[in-house]
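Structure file run27.cif (mmCIF, C-alpha atoms and all ligand atoms) follows.
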```
data_model
loop_
_atom_site.label_atom_id
_atom_site.label_comp_id
_atom_site.auth_asym_id
_atom_site.auth_seq_id
_atom_site.Cartn_x
_atom_site.Cartn_y
_atom_site.Cartn_z
CA HIS A 1 227.72 91.14 41.69
CA GLU A 2 225.54 89.02 43.93
CA THR A 3 222.36 90.84 44.88
CA VAL A 4 220.55 88.68 47.42
CA TYR A 5 222.41 87.51 50.50
CA ALA A 6 220.98 85.22 53.18
CA ILE A 7 222.50 85.86 56.62
CA ALA A 8 222.23 82.48 58.35
CA SER A 9 223.31 80.43 61.34
CA GLY A 10 222.60 77.12 63.00
CA LYS A 11 222.65 78.42 66.54
CA GLY A 12 220.57 81.42 67.57
CA GLY A 13 221.86 84.61 69.14
CA VAL A 14 225.17 84.67 67.27
CA GLY A 15 224.80 88.03 65.53
CA LYS A 16 222.74 87.48 62.36
CA THR A 17 220.47 90.47 62.83
CA THR A 18 223.39 92.65 63.86
CA THR A 19 225.23 91.57 60.72
CA THR A 20 222.21 92.12 58.47
CA VAL A 21 221.58 95.62 59.80
CA ASN A 22 225.19 96.73 59.66
CA LEU A 23 226.06 95.29 56.24
CA GLY A 24 222.93 96.95 54.90
CA THR A 25 223.58 100.29 56.56
CA ALA A 26 227.23 100.39 55.52
CA LEU A 27 226.27 99.73 51.89
CA ALA A 28 223.53 102.34 52.01
CA GLU A 29 226.07 104.84 53.32
CA ALA A 30 228.13 104.02 50.23
CA GLY A 31 225.12 104.99 48.10
CA GLU A 32 223.82 101.53 47.21
CA ARG A 33 220.07 100.90 47.25
CA VAL A 34 219.51 98.33 49.98
CA ALA A 35 216.63 96.31 51.41
CA ILE A 36 216.97 94.41 54.69
CA VAL A 37 214.29 91.80 55.21
CA ASP A 38 213.29 89.99 58.39
CA VAL A 39 212.63 86.43 57.22
CA ASP A 40 213.04 85.11 60.79
CA LEU A 41 209.28 84.59 60.69
CA GLY A 42 208.97 82.92 64.09
CA MET A 43 211.28 85.18 66.13
CA ALA A 44 211.26 88.44 64.22
CA ASN A 45 213.14 91.33 65.83
CA LEU A 46 214.93 93.27 63.11
CA ALA A 47 212.58 96.25 63.43
CA GLY A 48 213.77 97.04 66.94
CA PHE A 49 217.38 97.22 65.77
CA VAL A 50 216.50 100.21 63.59
CA SER A 51 213.78 101.89 65.72
CA LEU A 52 211.13 100.88 63.22
CA THR A 53 207.57 100.66 64.51
CA PRO A 54 205.71 99.21 61.57
CA ASP A 55 202.04 100.12 61.35
CA SER A 56 199.98 96.98 61.04
CA THR A 57 201.53 95.75 57.82
CA THR A 58 204.48 93.35 57.80
CA LEU A 59 205.95 90.55 55.71
CA HIS A 60 203.46 88.22 57.39
CA ASP A 61 200.61 90.06 55.69
CA VAL A 62 202.40 89.84 52.36
CA LEU A 63 202.94 86.09 52.76
CA ALA A 64 199.33 85.67 53.84
CA GLY A 65 198.27 87.35 50.59
CA ASP A 66 196.70 90.30 52.42
CA ALA A 67 199.14 93.05 51.43
CA SER A 68 201.60 94.02 48.73
CA ILE A 69 205.33 94.17 49.35
CA ASP A 70 205.13 97.97 49.07
CA ASP A 71 202.79 98.08 52.05
CA ALA A 72 205.35 96.20 54.16
CA THR A 73 208.35 98.24 53.03
CA TYR A 74 209.55 101.04 55.34
CA ARG A 75 212.21 103.61 54.54
CA LEU A 76 214.95 103.90 57.17
CA ALA A 77 217.20 106.42 55.44
CA ASP A 78 217.85 107.76 51.96
CA SER A 79 218.98 104.57 50.39
CA ILE A 80 217.80 101.78 52.70
CA VAL A 81 214.43 100.19 53.44
CA ALA A 82 213.41 97.46 55.86
CA VAL A 83 210.74 94.80 55.49
CA PRO A 84 209.84 93.76 59.06
CA SER A 85 207.98 90.65 60.11
CA GLY A 86 205.12 90.40 62.58
CA THR A 87 205.91 89.36 66.11
CA SER A 88 202.75 87.66 67.36
CA LEU A 89 202.22 83.91 67.43
CA ASP A 90 198.87 84.37 65.72
CA GLU A 91 200.46 86.07 62.74
CA TYR A 92 203.05 83.33 62.56
CA ALA A 93 200.40 80.63 62.58
CA GLU A 94 198.67 82.18 59.58
CA THR A 95 201.79 82.54 57.47
CA SER A 96 203.12 80.21 54.83
CA PRO A 97 206.69 80.87 53.73
CA GLU A 98 206.06 79.74 50.14
CA GLY A 99 205.39 83.31 49.00
CA LEU A 100 208.95 84.27 49.93
CA ARG A 101 210.19 83.37 46.45
CA ASP A 102 208.06 86.07 44.84
CA VAL A 103 208.95 88.60 47.54
CA VAL A 104 212.66 88.00 47.02
CA GLU A 105 212.40 88.25 43.23
CA GLU A 106 210.43 91.48 43.47
CA LEU A 107 213.00 93.03 45.83
CA ARG A 108 215.85 91.77 43.65
CA SER A 109 214.47 93.77 40.74
CA ARG A 110 214.27 96.96 42.79
CA PHE A 111 217.44 97.08 44.90
CA ASP A 112 221.19 96.80 44.45
CA TYR A 113 221.48 94.59 47.53
CA VAL A 114 218.94 92.56 49.50
CA PHE A 115 219.86 91.04 52.86
CA LEU A 116 217.66 88.31 54.30
CA ASP A 117 217.90 87.97 58.09
CA VAL A 118 217.20 84.23 58.34
CA GLY A 119 216.01 82.38 61.44
CA ALA A 120 218.29 79.94 63.23
CA GLY A 121 217.70 76.21 63.14
CA ILE A 122 216.62 73.78 60.47
CA SER A 123 212.94 74.45 59.86
CA HIS A 124 211.45 74.81 56.38
CA GLU A 125 211.20 78.59 56.63
CA THR A 126 214.89 78.72 57.52
CA VAL A 127 215.99 76.47 54.67
CA LEU A 128 213.89 78.10 51.96
CA PRO A 129 215.75 81.46 51.93
CA LEU A 130 219.10 79.64 51.74
CA GLY A 131 218.12 78.46 48.27
CA LEU A 132 216.52 81.75 47.19
CA ALA A 133 219.62 83.85 47.91
CA ASP A 134 222.53 84.23 45.50
CA ALA A 135 224.92 83.69 48.40
CA VAL A 136 224.70 82.56 52.01
CA VAL A 137 226.75 84.36 54.66
CA LEU A 138 227.24 82.03 57.63
CA VAL A 139 227.39 83.73 61.01
CA SER A 140 228.91 82.04 64.05
CA THR A 141 230.71 82.85 67.24
CA PRO A 142 233.95 80.92 67.85
CA GLU A 143 232.16 78.74 70.45
CA PRO A 144 232.32 75.02 69.61
CA ALA A 145 228.53 74.61 69.80
CA ALA A 146 227.95 77.44 67.33
CA VAL A 147 230.65 76.21 64.97
CA HIS A 148 229.22 72.71 65.12
CA ASP A 149 225.74 73.97 64.23
CA THR A 150 227.22 75.91 61.31
CA LYS A 151 227.98 72.57 59.65
CA LYS A 152 224.27 71.87 59.51
CA THR A 153 223.55 75.21 57.90
CA ILE A 154 226.21 74.46 55.26
CA GLU A 155 224.60 71.10 54.58
CA LEU A 156 221.12 72.64 54.42
CA THR A 157 222.39 75.27 52.00
CA ASP A 158 223.64 72.48 49.73
CA ARG A 159 220.33 70.68 49.91
CA ALA A 160 218.42 73.87 49.15
CA GLY A 161 220.57 74.40 46.06
CA GLY A 162 222.21 77.49 47.58
CA GLU A 163 225.76 78.80 47.51
CA VAL A 164 227.85 79.51 50.63
CA ALA A 165 229.80 82.78 50.36
CA GLY A 166 231.74 82.14 53.57
CA LEU A 167 231.83 82.60 57.30
CA VAL A 168 231.63 85.69 59.50
CA LEU A 169 232.95 85.07 63.00
CA THR A 170 231.34 87.35 65.54
CA ARG A 171 232.08 88.27 69.13
CA THR A 172 235.70 87.25 68.81
CA ARG A 173 238.11 87.96 71.64
CA PRO A 174 241.81 88.71 71.45
CA ASP A 175 242.57 85.96 73.99
CA GLY A 176 240.53 83.36 72.11
CA ASP A 177 242.50 80.14 72.01
CA VAL A 178 241.28 78.96 68.65
CA SER A 179 242.61 80.29 65.36
CA HIS A 180 239.93 81.91 63.24
CA ASP A 181 241.43 80.70 60.00
CA GLU A 182 241.48 77.20 61.42
CA LEU A 183 237.72 77.41 62.08
CA GLY A 184 237.14 78.36 58.46
CA ASP A 185 239.38 75.53 57.32
CA ARG A 186 237.59 73.07 59.54
CA LEU A 187 234.26 74.05 58.00
CA GLU A 188 235.80 74.19 54.51
CA VAL A 189 234.50 77.70 53.90
CA SER A 190 236.36 80.96 53.47
CA LEU A 191 236.56 83.34 56.40
CA LEU A 192 234.89 86.53 55.19
CA GLY A 193 235.67 88.53 58.30
CA THR A 194 235.78 88.66 62.08
CA ILE A 195 233.78 91.02 64.27
CA PRO A 196 235.23 91.58 67.75
CA GLU A 197 233.25 91.47 70.97
CA ASP A 198 232.17 95.07 71.56
CA PRO A 199 229.72 96.32 74.19
CA ALA A 200 228.59 98.95 71.68
CA ALA A 201 226.80 96.16 69.78
CA ARG A 202 224.30 95.69 72.58
CA ASP A 203 224.09 99.41 73.35
CA SER A 204 223.23 100.10 69.71
CA VAL A 205 220.28 97.71 69.90
CA TYR A 206 218.92 99.52 72.94
CA ALA A 207 219.42 102.79 71.08
CA GLY A 208 217.66 101.33 68.02
CA THR A 209 220.50 102.61 65.86
CA PRO A 210 222.80 100.52 63.66
CA LEU A 211 226.21 100.04 65.22
CA VAL A 212 228.01 101.60 62.24
CA VAL A 213 226.04 104.80 62.94
CA PHE A 214 225.85 104.51 66.74
CA GLU A 215 229.58 104.15 67.31
CA PRO A 216 231.23 104.40 63.90
CA ASP A 217 234.78 104.31 65.19
CA GLY A 218 234.31 101.41 67.61
CA PRO A 219 235.99 98.08 66.89
CA ALA A 220 232.86 96.19 65.78
CA ALA A 221 231.66 99.02 63.53
CA VAL A 222 235.07 99.29 61.90
CA ALA A 223 235.06 95.51 61.39
CA TYR A 224 231.58 95.61 59.83
CA ARG A 225 232.68 98.28 57.36
CA ARG A 226 235.75 96.22 56.49
CA LEU A 227 233.53 93.14 56.00
CA THR A 228 231.16 95.12 53.77
CA ALA A 229 234.03 96.25 51.58
CA ASP A 230 235.54 92.77 51.40
CA LEU A 231 232.22 91.06 50.67
CA THR A 232 231.06 93.42 47.95
CA GLY A 233 234.25 94.94 46.62
CA LEU A 234 232.88 98.42 47.42
CA GLU A 235 234.87 100.87 49.52
P1 LIG B 1 220.85 86.63 66.07
O1 LIG B 1 220.14 87.49 65.07
O2 LIG B 1 221.78 85.64 65.43
O3 LIG B 1 219.92 86.00 67.04
P2 LIG B 1 221.73 89.15 67.25
O4 LIG B 1 222.29 89.94 66.12
O5 LIG B 1 220.37 89.48 67.71
O6 LIG B 1 221.84 87.58 66.91
O7 LIG B 1 222.77 89.24 68.45
C1 LIG B 1 222.53 88.53 69.67
C2 LIG B 1 223.06 89.36 70.85
O8 LIG B 1 224.47 89.48 70.76
C3 LIG B 1 222.51 90.77 70.88
O9 LIG B 1 222.30 91.15 72.21
C4 LIG B 1 223.64 91.59 70.28
O10 LIG B 1 223.65 92.92 70.73
C5 LIG B 1 224.85 90.84 70.77
N1 LIG B 1 225.99 91.01 69.86
C6 LIG B 1 226.01 90.81 68.53
N2 LIG B 1 227.23 91.07 68.01
C7 LIG B 1 228.03 91.45 69.06
C8 LIG B 1 229.39 91.87 69.20
N3 LIG B 1 230.21 91.93 68.14
N4 LIG B 1 229.83 92.18 70.44
C9 LIG B 1 229.01 92.10 71.52
N5 LIG B 1 227.73 91.73 71.46
C10 LIG B 1 227.22 91.41 70.25
MG MG B 2 218.09 87.69 64.79
#
```
For this file, write the structure as structure tokens.
Ligand code: ADP
Ligand code: MG
Amino acid sequence: HETVYAIASGKGGVGKTTTTVNLGTALAEAGERVAIVDVDLGMANLAGFVSLTPDSTTLHDVLAGDASIDDATYRLADSIVAVPSGTSLDEYAETSPEGLRDVVEELRSRFDYVFLDVGAGISHETVLPLGLADAVVLVSTPEPAAVHDTKKTIELTDRAGGEVAGLVLTRTRPDGDVSHDELGDRLEVSLLGTIPEDPAARDSVYAGTPLVVFEPDGPAAVAYRRLTADLTGLE
């Protein structure tokens, strides 16, 4: 099976980090060894989603050549670790993303699944992980602006030599006037799953607990478990 997934979007704020955390947690609950990695180097925030307060060492230190990947790896639960990124502008300024290739290959050799929480946009540090991953999971809301920006991420994935796995539509509403399958067709990618709008998503961030743990029977959590099973073939 594919090991390294990049979770990517054109537009920001569409649910990439939520998707990364919940795919990872659901797989870890199924007994897989999982690493979730914050490669959104400029706007890192994955740590907060899982109540992780890294000591000084983050992915930025690894990329700066000042620390090993072990030093920046934090255990969240039995079978899942997180690699957070630093959040200060100074750390960002000192980082070069080139070292990401080695980091990804090292993690690939140690885990069953690695999820890269990629930054939005079209910068070099966003494009690089798209080519390092085995498969790119596109995340978008049904909003036209987000769908439009998804086209760019598809094109960038091609240019980076990456492979698109398909699209996850987030924050969908029952009264939405656009067919979800049609959005997939329009982008010429398969629809991997839809995650409904669910206030528990935001509440879970404030609680610092993954949605699939925070409210396991809520609509978004159920949808994330379904997506995990469909994406990986694991139940
Ligand atoms: P990104 O990583 O793409 O910037 P986030 O995962 O941080 O996006 O999500 C952006 C915001 O949307 C957060 O406040 C999050 O709680 C909220 N959100 C994500 N998914 C859902 C959902 N299914 N329903 C409601 N709110 C959501
Ligand atoms: Mg994010």
Have a look at A:Ala35, A:Val205, A:Leu76, A:Leu132 and name the one nearest to ligand MG 2 (chain B); count only C-alpha atoms and all ligand atoms.
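Among the listed residues, A:Val205 lies closest to ligand MG 2 (chain B).
Compared by their closest atoms to Ala146 of chain A, and using all atoms listed in the file, the residues A:Leu183, A:Val189, A:Ala165, A:Ala133 rank with A:Leu183 nearest.
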Please report the interatomic distance between atom CA of Leu130 of chain A and atom CA of Lys11 of chain A in Å with one decimal.
15.3 Å
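Taking all atoms listed in the file into account, Val118 of chain A lies nearest to A:Leu138 out of the set A:Leu138, A:Leu169, A:Val34, A:Ala28.
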Collect all residues with atoms no farther than 10 Å from ligand LIG 1 (chain B), counting all atoms listed in the file, and output them as an MDAnalysis selection string.
chainID A and resid 7:22 38 40 43:46 49 117:120 139:141 169:173 194:206 211 219:221 223:224
For Lys151 of chain A, which of A:Leu116, A:Leu187, A:Val127, A:Val137 is the closest residue, counting all atoms listed in the file?
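So, comparing all the options, the nearest one is A:Leu187.
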